[in-house]
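Content type CSV, C-alpha atoms, from the file data04.csv:
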```
chain,number,residue,atom,x,y,z
H,233,MET,CA,-11.9,19.6,-16.3
H,234,PRO,CA,-11.7,15.8,-15.9
H,235,ASN,CA,-14.4,14.1,-13.9
H,236,LEU,CA,-12.3,13.2,-10.9
H,237,THR,CA,-14.0,11.0,-8.3
H,238,PRO,CA,-12.6,8.9,-5.4
H,239,MET,CA,-12.3,5.9,-7.7
H,240,THR,CA,-10.8,7.7,-10.7
H,241,GLY,CA,-7.7,5.8,-11.6
H,242,CYS,CA,-8.9,2.6,-10.0
H,243,LEU,CA,-9.5,-0.5,-12.0
H,244,PRO,CA,-13.3,-1.2,-12.0
H,245,ALA,CA,-12.9,-4.4,-10.1
H,246,PHE,CA,-13.8,-5.6,-6.6
H,247,GLY,CA,-13.2,-8.9,-4.9
H,248,ARG,CA,-10.3,-10.2,-7.0
H,249,HIS,CA,-8.4,-11.1,-3.9
H,250,ARG,CA,-10.9,-14.1,-3.6
H,251,GLY,CA,-11.4,-13.1,0.1
H,252,TYR,CA,-7.7,-13.6,1.0
H,253,PRO,CA,-5.6,-10.7,2.4
H,254,PRO,CA,-1.9,-11.0,1.6
H,255,ARG,CA,-0.4,-13.5,3.8
H,256,ASP,CA,3.1,-13.8,5.2
H,257,GLY,CA,5.5,-15.1,2.5
H,258,TRP,CA,3.1,-14.9,-0.4
H,259,LEU,CA,4.8,-12.0,-2.2
H,260,ARG,CA,8.2,-13.6,-1.9
H,261,LYS,CA,6.9,-17.0,-3.1
H,262,VAL,CA,5.3,-15.4,-6.2
H,263,TYR,CA,8.4,-13.5,-7.0
H,264,LEU,CA,10.7,-16.5,-6.8
H,265,ALA,CA,8.4,-18.6,-8.9
H,266,LEU,CA,8.1,-15.9,-11.6
H,267,VAL,CA,11.9,-15.3,-11.7
H,268,GLN,CA,12.1,-19.0,-12.7
H,269,ASP,CA,9.1,-19.1,-15.1
H,270,HIS,CA,6.8,-16.2,-16.1
H,271,ALA,CA,4.1,-18.8,-16.6
H,272,ALA,CA,4.5,-20.3,-13.2
H,273,LEU,CA,1.1,-19.3,-11.8
H,274,ARG,CA,-0.8,-20.8,-14.6
H,275,ARG,CA,1.0,-24.1,-14.7
H,276,PRO,CA,-0.9,-27.2,-13.5
H,277,ASP,CA,1.5,-27.6,-10.6
H,278,ALA,CA,1.3,-24.0,-9.4
H,279,THR,CA,-0.1,-25.2,-6.1
H,280,VAL,CA,2.9,-27.4,-5.6
H,281,VAL,CA,5.4,-24.6,-6.6
H,282,LEU,CA,3.8,-22.1,-4.3
H,283,GLY,CA,2.8,-24.5,-1.5
H,284,VAL,CA,-0.8,-23.3,-1.2
H,285,GLY,CA,-4.3,-24.4,-2.0
H,286,LYS,CA,-5.8,-24.0,-5.4
H,287,SER,CA,-8.1,-21.1,-4.5
H,288,MET,CA,-5.1,-19.1,-3.2
H,289,VAL,CA,-3.1,-19.0,-6.4
H,290,PRO,CA,-5.3,-16.3,-8.1
H,291,ALA,CA,-5.3,-14.3,-4.9
H,292,MET,CA,-1.4,-14.4,-4.8
H,293,SER,CA,-1.4,-13.3,-8.4
H,294,PHE,CA,-3.7,-10.5,-7.6
H,295,TRP,CA,-1.7,-9.2,-4.7
H,296,SER,CA,1.6,-9.3,-6.5
H,297,GLN,CA,0.1,-7.1,-9.3
H,298,ALA,CA,-1.7,-4.8,-6.8
H,299,PHE,CA,1.5,-4.0,-5.0
H,300,GLY,CA,3.3,-3.4,-8.3
H,301,LEU,CA,5.6,-6.4,-7.9
H,302,ALA,CA,4.4,-8.2,-11.1
H,303,ALA,CA,2.9,-7.0,-14.4
H,304,ARG,CA,1.0,-8.7,-17.1
H,305,HIS,CA,2.8,-9.6,-20.3
H,306,GLY,CA,0.4,-11.4,-22.5
H,307,ARG,CA,-0.8,-14.4,-20.5
H,308,ASP,CA,2.3,-14.3,-18.3
H,309,LEU,CA,3.3,-12.4,-15.2
H,310,VAL,CA,6.7,-10.7,-15.1
H,311,PRO,CA,8.5,-9.4,-12.0
H,312,THR,CA,8.9,-5.6,-12.1
H,313,ASP,CA,12.1,-3.7,-11.4
H,314,ARG,CA,10.5,-2.7,-8.1
H,315,ALA,CA,10.2,-6.4,-7.2
H,316,HIS,CA,13.8,-7.2,-8.0
H,317,TRP,CA,14.9,-4.2,-5.9
H,318,LEU,CA,13.0,-5.3,-2.9
H,319,LEU,CA,12.9,-9.2,-3.1
H,320,ASP,CA,16.0,-10.4,-5.0
H,321,GLU,CA,17.5,-13.1,-2.9
H,322,GLU,CA,21.1,-11.8,-3.1
H,323,ALA,CA,20.8,-8.1,-3.7
H,324,GLY,CA,17.2,-7.2,-2.6
H,325,ALA,CA,16.5,-4.6,0.0
H,326,ASP,CA,14.4,-6.9,2.2
H,327,PRO,CA,13.8,-10.3,0.5
H,328,PHE,CA,11.9,-11.7,3.5
H,329,LEU,CA,10.0,-8.5,4.3
H,330,GLU,CA,11.3,-8.6,7.8
H,331,LEU,CA,11.2,-4.8,8.3
H,332,ASP,CA,8.2,-2.7,9.2
H,333,THR,CA,9.6,-0.2,6.8
H,334,SER,CA,8.8,-2.6,3.9
H,335,LEU,CA,5.2,-3.1,5.1
H,336,TRP,CA,4.6,0.7,5.2
H,337,LEU,CA,6.2,1.0,1.8
H,338,LEU,CA,4.0,-1.8,0.3
H,339,HIS,CA,0.9,-0.1,1.8
H,340,TRP,CA,1.9,3.1,0.0
H,341,TRP,CA,2.5,1.3,-3.3
H,342,LEU,CA,-0.9,-0.4,-2.9
H,343,VAL,CA,-3.1,2.5,-2.3
H,344,SER,CA,-1.3,5.2,-4.2
H,345,ALA,CA,-0.8,3.2,-7.5
H,346,GLU,CA,-1.8,5.2,-10.6
H,347,ARG,CA,-3.8,2.1,-11.7
H,348,CYS,CA,-5.1,1.1,-8.2
H,349,HIS,CA,-6.3,-2.5,-8.0
H,350,VAL,CA,-8.1,-2.0,-4.6
H,351,PRO,CA,-10.7,0.8,-4.9
H,352,SER,CA,-12.2,0.0,-1.5
H,353,TRP,CA,-8.8,0.5,0.1
H,354,ARG,CA,-8.3,3.8,-1.8
H,355,TYR,CA,-11.6,5.2,-0.8
H,356,LEU,CA,-11.4,4.3,2.9
H,357,PHE,CA,-7.8,5.6,3.5
H,358,GLY,CA,-7.7,8.5,1.0
H,359,TYR,CA,-11.2,9.8,0.4
H,360,SER,CA,-13.4,8.8,3.3
H,361,PRO,CA,-14.9,11.9,5.0
H,362,ILE,CA,-15.2,10.1,8.3
H,363,SER,CA,-13.2,7.5,10.1
H,364,ARG,CA,-15.8,5.2,11.5
H,365,TYR,CA,-18.6,3.2,9.7
H,366,SER,CA,-20.9,0.3,10.1
H,367,ARG,CA,-20.1,-2.2,7.4
H,368,ALA,CA,-23.5,-1.6,5.8
H,369,GLU,CA,-22.8,2.2,5.6
H,370,LEU,CA,-19.3,1.7,4.1
H,371,GLN,CA,-20.7,-0.8,1.6
H,372,GLY,CA,-23.3,1.8,0.4
H,373,ARG,CA,-20.6,4.5,0.1
H,374,LEU,CA,-18.4,2.2,-2.0
H,375,VAL,CA,-21.1,1.3,-4.3
H,376,ALA,CA,-22.0,5.0,-4.8
H,377,ALA,CA,-18.4,5.9,-5.4
H,378,ALA,CA,-18.0,3.2,-8.0
H,379,GLU,CA,-21.1,4.4,-9.8
H,380,ALA,CA,-19.9,8.0,-9.7
H,381,ALA,CA,-16.7,6.9,-11.4
H,382,GLY,CA,-18.7,5.4,-14.2
H,383,HIS,CA,-18.0,1.8,-13.2
H,384,LYS,CA,-20.6,-0.9,-13.5
H,385,SER,CA,-22.4,-1.0,-10.1
H,386,PRO,CA,-20.7,-3.8,-8.1
H,387,ALA,CA,-22.8,-6.4,-6.4
H,388,ARG,CA,-23.2,-5.6,-2.8
H,389,SER,CA,-22.1,-9.1,-1.8
H,390,VAL,CA,-18.8,-8.5,-3.6
H,391,VAL,CA,-18.3,-5.2,-1.9
H,392,ALA,CA,-19.1,-6.8,1.4
H,393,ALA,CA,-16.3,-9.3,0.7
H,394,ASP,CA,-14.0,-6.5,-0.1
H,395,ILE,CA,-14.7,-4.9,3.3
H,396,ALA,CA,-14.2,-8.2,5.1
H,397,CYS,CA,-10.8,-8.7,3.3
H,398,LEU,CA,-9.7,-5.1,4.1
H,399,VAL,CA,-10.6,-5.5,7.8
H,400,SER,CA,-8.9,-8.9,8.0
H,401,MET,CA,-5.8,-7.4,6.4
H,402,TYR,CA,-5.4,-4.5,8.8
H,403,ALA,CA,-7.5,-4.9,12.0
H,404,LEU,CA,-6.1,-6.7,15.0
H,405,ARG,CA,-8.2,-9.4,16.4
H,406,ASP,CA,-8.8,-11.2,19.7
H,407,ARG,CA,-6.0,-13.6,20.0
H,408,ALA,CA,-8.0,-15.9,22.2
H,409,ALA,CA,-10.5,-16.3,19.3
H,410,THR,CA,-8.1,-16.5,16.3
H,411,GLY,CA,-4.8,-17.8,17.7
H,412,VAL,CA,-1.3,-16.5,17.4
H,413,GLU,CA,-0.8,-18.3,14.0
H,414,ASP,CA,-3.6,-16.2,12.5
H,415,GLU,CA,-1.9,-13.0,13.7
H,416,LEU,CA,1.5,-14.0,12.4
H,417,SER,CA,0.1,-14.9,8.9
H,418,ASN,CA,-1.4,-11.4,8.4
H,419,PRO,CA,1.7,-9.1,8.6
H,420,PHE,CA,-0.1,-5.9,7.7
H,421,ARG,CA,-2.0,-6.0,11.0
H,422,THR,CA,1.2,-4.9,12.7
H,423,LEU,CA,0.7,-1.4,11.1
H,424,HIS,CA,-2.5,-0.9,13.3
H,425,LEU,CA,-4.3,1.0,10.5
H,426,LEU,CA,-7.7,-0.1,11.6
H,427,GLU,CA,-9.2,-0.3,15.1
H,428,PRO,CA,-9.2,-3.9,16.6
H,429,GLU,CA,-12.2,-6.0,15.8
H,430,PRO,CA,-14.6,-6.8,18.7
H,431,PRO,CA,-14.4,-10.3,20.2
H,432,ALA,CA,-16.2,-13.0,18.2
H,433,GLY,CA,-19.8,-13.3,19.3
H,434,GLY,CA,-19.8,-10.0,21.0
H,435,ALA,CA,-22.7,-7.6,21.1
H,436,ALA,CA,-21.6,-5.7,18.0
H,437,GLY,CA,-22.5,-8.7,15.9
H,438,ARG,CA,-22.3,-8.8,12.1
H,439,SER,CA,-22.8,-5.0,11.7
H,440,HIS,CA,-19.8,-4.0,13.8
H,441,GLY,CA,-17.9,-0.9,12.7
H,442,VAL,CA,-14.9,-0.3,10.5
H,443,ALA,CA,-12.7,2.4,12.0
H,444,VAL,CA,-9.6,4.0,10.6
H,445,ARG,CA,-6.9,4.9,13.1
H,446,ARG,CA,-5.9,8.3,11.7
H,447,THR,CA,-2.9,8.6,14.0
H,448,SER,CA,-1.3,5.4,13.0
H,449,GLY,CA,1.1,7.2,10.8
H,450,ARG,CA,3.1,8.3,13.8
H,451,ARG,CA,4.7,4.9,13.6
H,452,CYS,CA,5.5,5.2,9.9
H,453,PRO,CA,9.3,5.5,9.4
H,454,ASP,CA,10.5,9.0,8.4
H,455,VAL,CA,12.1,7.7,5.3
H,456,VAL,CA,8.9,6.2,4.0
H,457,LEU,CA,7.1,9.5,4.6
H,458,ALA,CA,9.8,11.4,2.8
H,459,TYR,CA,9.8,8.9,-0.1
H,460,ALA,CA,6.1,9.0,-0.4
H,461,SER,CA,6.1,12.8,-0.4
H,462,LEU,CA,8.6,12.9,-3.2
H,463,ASP,CA,6.8,10.2,-5.1
H,464,PHE,CA,3.6,12.2,-4.8
H,465,ALA,CA,5.4,15.4,-5.9
H,466,ALA,CA,6.8,13.7,-9.0
H,467,ARG,CA,3.3,12.6,-10.0
H,468,THR,CA,1.5,15.9,-9.4
H,469,ALA,CA,4.1,18.7,-9.6
H,470,GLY,CA,6.2,17.2,-12.4
H,471,PRO,CA,9.6,15.6,-12.9
H,472,ALA,CA,11.7,18.8,-12.5
H,473,PRO,CA,13.3,20.2,-9.3
H,474,GLY,CA,10.9,22.3,-7.4
H,475,SER,CA,8.8,22.3,-4.3
H,476,ILE,CA,5.4,21.2,-2.9
H,477,ARG,CA,3.5,22.5,0.1
H,478,LEU,CA,3.4,20.3,3.2
H,479,SER,CA,-0.3,21.2,3.6
H,480,ARG,CA,-1.0,19.6,0.3
H,481,LEU,CA,1.1,16.5,1.2
H,482,ALA,CA,-1.0,16.2,4.4
H,483,SER,CA,-4.5,16.8,3.0
H,484,ASP,CA,-4.6,15.6,-0.6
H,485,PRO,CA,-6.6,12.4,-0.8
H,486,LEU,CA,-3.7,10.7,-2.6
H,487,GLY,CA,-1.0,12.2,-0.6
H,488,PRO,CA,1.1,10.6,2.2
H,489,GLY,CA,-0.8,12.4,4.9
H,490,ARG,CA,-4.1,10.7,4.1
H,491,LEU,CA,-2.9,7.4,2.7
H,492,LEU,CA,-0.2,6.9,5.4
H,493,LEU,CA,-2.5,8.3,8.2
H,494,THR,CA,-0.1,11.0,9.2
H,495,GLY,CA,-1.1,14.4,10.5
H,496,ASN,CA,0.4,17.7,9.2
H,497,GLU,CA,2.7,18.2,12.2
H,498,ASP,CA,4.0,14.6,12.2
H,499,LEU,CA,4.6,14.8,8.5
H,500,ARG,CA,6.4,18.1,8.8
H,501,ARG,CA,8.7,16.7,11.5
H,502,ALA,CA,9.4,13.5,9.5
H,503,VAL,CA,10.4,15.2,6.3
H,504,HIS,CA,12.4,17.9,8.2
H,505,ARG,CA,14.5,15.1,9.9
H,506,VAL,CA,15.1,13.4,6.5
H,507,ALA,CA,15.9,16.7,4.8
H,508,GLY,CA,18.5,17.3,7.5
H,509,ARG,CA,20.4,14.3,6.1
H,510,HIS,CA,20.1,15.1,2.4
H,511,ALA,CA,21.6,18.1,0.7
H,512,ASP,CA,19.0,18.1,-2.1
H,513,LEU,CA,16.1,18.4,0.3
H,514,ALA,CA,14.9,21.2,2.6
H,515,VAL,CA,11.8,22.3,4.4
H,516,VAL,CA,11.5,26.0,3.8
H,517,GLN,CA,8.8,28.7,4.1
H,518,SER,CA,7.2,30.1,1.0
H,519,GLY,CA,6.5,33.7,0.4
H,520,ASP,CA,3.1,33.5,2.1
H,521,GLY,CA,4.5,31.7,5.1
H,522,GLN,CA,3.6,28.1,4.1
H,523,ASP,CA,5.9,25.2,5.0
H,524,THR,CA,7.2,23.7,1.8
H,525,LEU,CA,9.3,20.7,0.8
H,526,ALA,CA,11.9,21.9,-1.7
H,527,TYR,CA,14.0,19.5,-3.8
H,528,SER,CA,16.9,20.6,-5.9
H,529,ARG,CA,16.9,17.5,-8.1
H,530,GLY,CA,14.1,15.5,-9.9
H,531,PRO,CA,11.8,14.1,-7.2
H,532,ALA,CA,11.4,10.6,-8.6
H,533,LEU,CA,15.1,9.8,-8.6
H,534,LEU,CA,15.6,11.6,-5.3
H,535,ALA,CA,12.7,9.6,-3.7
H,536,GLU,CA,14.5,6.3,-4.7
H,537,GLU,CA,17.8,7.5,-3.2
H,538,VAL,CA,16.1,8.5,0.0
H,539,LEU,CA,14.3,5.2,0.3
H,540,ALA,CA,17.5,3.2,-0.2
H,541,THR,CA,19.0,4.7,3.0
H,542,ALA,CA,16.5,2.7,5.0
H,543,TYR,CA,17.9,-0.6,3.9
H,544,PRO,CA,21.4,-1.5,5.2
H,545,ALA,CA,21.3,-4.7,3.2
H,546,LEU,CA,21.6,-2.9,-0.1
H,547,GLN,CA,24.9,-2.9,-1.9
H,548,PRO,CA,26.8,0.4,-1.7
H,549,ASP,CA,26.6,0.8,-5.5
H,550,ALA,CA,22.8,0.4,-5.6
H,551,GLY,CA,22.3,4.0,-6.6
H,552,ARG,CA,18.7,3.7,-7.8
H,553,ALA,CA,15.8,1.7,-6.5
H,554,TRP,CA,14.3,0.8,-9.9
H,555,GLY,CA,13.1,2.1,-13.2
```

Could you write out this structure as structure tokens?
Amino acid sequence: MPNLTPMTGCLPAFGRHRGYPPRDGWLRKVYLALVQDHAALRRPDATVVLGVGKSMVPAMSFWSQAFGLAARHGRDLVPTDRAHWLLDEEAGADPFLELDTSLWLLHWWLVSAERCHVPSWRYLFGYSPISRYSRAELQGRLVAAAEAAGHKSPARSVVAADIACLVSMYALRDRAATGVEDELSNPFRTLHLLEPEPPAGGAAGRSHGVAVRRTSGRRCPDVVLAYASLDFAARTAGPAPGSIRLSRLASDPLGPGRLLLTGNEDLRRAVHRVAGRHADLAVVQSGDGQDTLAYSRGPALLAEEVLATAYPALQPDAGRAWG
């Protein structure tokens, strides 16, 4: 049996975001730049092309790869089929990422990736046995998880920076302390995946907690939950038509229940509603009485077709999402 740990499948890297969470407009800017020139991010004028400071360019490169929107080709970065599907100016599903559906989808792509670029994110949402930590406690658990996976033990300061970035990405903050502009520039905060941060200078101080909101997935669109369920089934159950138990979708560390913060009953209702609109999907009971998601076609292609129904901007003949 393989030695599977919470960070198995993750790149042995922390802090490559340079302390910056993905900001509004960054993914689109990188995509448009790379469409024009695969070497755009390593050119001397990259800061001018992207309209950001020098220290932000590597962070933008990191996030585009972490979300699976760009891939390395030698020294260059090349937009993926997924990126074209989502961000193309004329035919893209949501070029400006205006829909909450897209943010939920990007979150799924980020934390479920087979080569995950954000091990701290993967651990907290998928594998964490509890939902609330002090930053010091979470830091210790992340270091231990990295060592258990056989990675070089990360510096605690780097792991602390990872936690700070994660919190900044997902936790709402006191608007009086940060301003509306700060809220608008961090779009993933609208998903409400982490509890709000305490006011600056409050009694909690530097050791305040990191708390996952395990019911946040109630706000996740049904289509994203169904897409993620089929995507997970394709990776774990294989490419052929078949079925997968809802209990596994809800409880597996890399399933939609854990990573999209959705309970068993909420997940069941969501996939049931989507299945009612797709002839190739059904929620049925197995022989032992377990609720099961059954699919009469290959789950990978079916997942893409289900997802496309959430985007009215797509052309009618856009039969597949990518790949």

Contacts of region 233-341 of chain H with region 527-550 of chain H up to 9 Å, shortest pair per row, all atoms listed in the file, as CSV:
```
residue,atom,partner,partner_atom,distance
H:Trp317,CA,H:Leu546,CA,9.0
H:Ala323,CA,H:Leu546,CA,6.4
H:Gly324,CA,H:Leu546,CA,6.6
H:Ala325,CA,H:Leu546,CA,5.4
H:Asp326,CA,H:Ala545,CA,7.3
H:Thr333,CA,H:Ala542,CA,7.7
```

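Separating CA of Pro244 (chain H) from CA of Pro428 (chain H) is a distance of 29.0 Å.
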
For region 285-292 of chain H, list every protein, DNA or RNA residue within 8 Å, evaluated using only C-alpha atoms, and leave out those in the same chain fewer than 2 positions away; present the list as a PDB file with C-alpha atoms, in the frame of the given file.
```pdb
ATOM      1  CA  ARG H 248     -10.300 -10.200  -7.000  1.00  0.00           C
ATOM      2  CA  HIS H 249      -8.400 -11.100  -3.900  1.00  0.00           C
ATOM      3  CA  ARG H 250     -10.900 -14.100  -3.600  1.00  0.00           C
ATOM      4  CA  GLY H 251     -11.400 -13.100   0.100  1.00  0.00           C
ATOM      5  CA  TYR H 252      -7.700 -13.600   1.000  1.00  0.00           C
ATOM      6  CA  PRO H 254      -1.900 -11.000   1.600  1.00  0.00           C
ATOM      7  CA  TRP H 258       3.100 -14.900  -0.400  1.00  0.00           C
ATOM      8  CA  LEU H 259       4.800 -12.000  -2.200  1.00  0.00           C
ATOM      9  CA  VAL H 262       5.300 -15.400  -6.200  1.00  0.00           C
ATOM     10  CA  LEU H 273       1.100 -19.300 -11.800  1.00  0.00           C
ATOM     11  CA  ALA H 278       1.300 -24.000  -9.400  1.00  0.00           C
ATOM     12  CA  THR H 279      -0.100 -25.200  -6.100  1.00  0.00           C
ATOM     13  CA  LEU H 282       3.800 -22.100  -4.300  1.00  0.00           C
ATOM     14  CA  GLY H 283       2.800 -24.500  -1.500  1.00  0.00           C
ATOM     15  CA  PHE H 294      -3.700 -10.500  -7.600  1.00  0.00           C
ATOM     16  CA  TRP H 295      -1.700  -9.200  -4.700  1.00  0.00           C
ATOM     17  CA  SER H 296       1.600  -9.300  -6.500  1.00  0.00           C
TER      18      SER H 296
END
```

Atom pair CA of Thr312 (chain H) / CA of Trp341 (chain H): separation (Å): 12.9 Å

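For the pair CA of Leu426 (chain H) and CA of Gly257 (chain H), the interatomic distance is 22.0 Å.
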
Per residue of region 336-450 of chain H within 6 Å of region 488-494 of chain H, what are the shortest atom pair and its distance in Å to one decimal, counting all atoms listed in the file, with rows by chain and residue number, as CSV?
```
residue,atom,partner,partner_atom,distance
H:Phe357,CA,H:Leu491,CA,5.3
H:Gly358,CA,H:Leu491,CA,5.2
H:Arg446,CA,H:Leu493,CA,4.9
H:Thr447,CA,H:Leu493,CA,5.8
H:Ser448,CA,H:Leu493,CA,5.7
H:Gly449,CA,H:Thr494,CA,4.3
```

Near-Phe246 (chain H) list (9 Å; all atoms listed in the file; drop same-chain fewer than 4 positions) as a list in words: His349, Val350, Pro351, Ser352, Pro386, Val390, Val391, Ala393 and Asp394 of chain H

Radius query 8 Å about (-9.6, 4.8, -11.5), atoms used: all atoms listed in the file, as a ChimeraX atom specification: /H:238-244,346-348,351,381

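Here the question is which of H:Leu309, H:Leu525, H:Ala396, H:Tyr459 gets nearest to Leu337 (chain H) using only C-alpha atoms, and that residue is H:Tyr459.
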
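Every protein or nucleic acid residue with an atom no more than 9 Å from Met401 (chain H), counting all atoms listed in the file and leaving out same-chain residues fewer than 4 positions away, appears here: Tyr252, Pro253, Pro254, Arg255, Ala396, Cys397, Asn418, Pro419, Phe420 and Arg421 of chain H.
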
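Every protein or nucleic acid residue with an atom no more than 7 Å from Ala380 (chain H), counting all atoms listed in the file and leaving out same-chain residues fewer than 3 positions away, appears here: Thr237, Ala376 and Ala377 of chain H.
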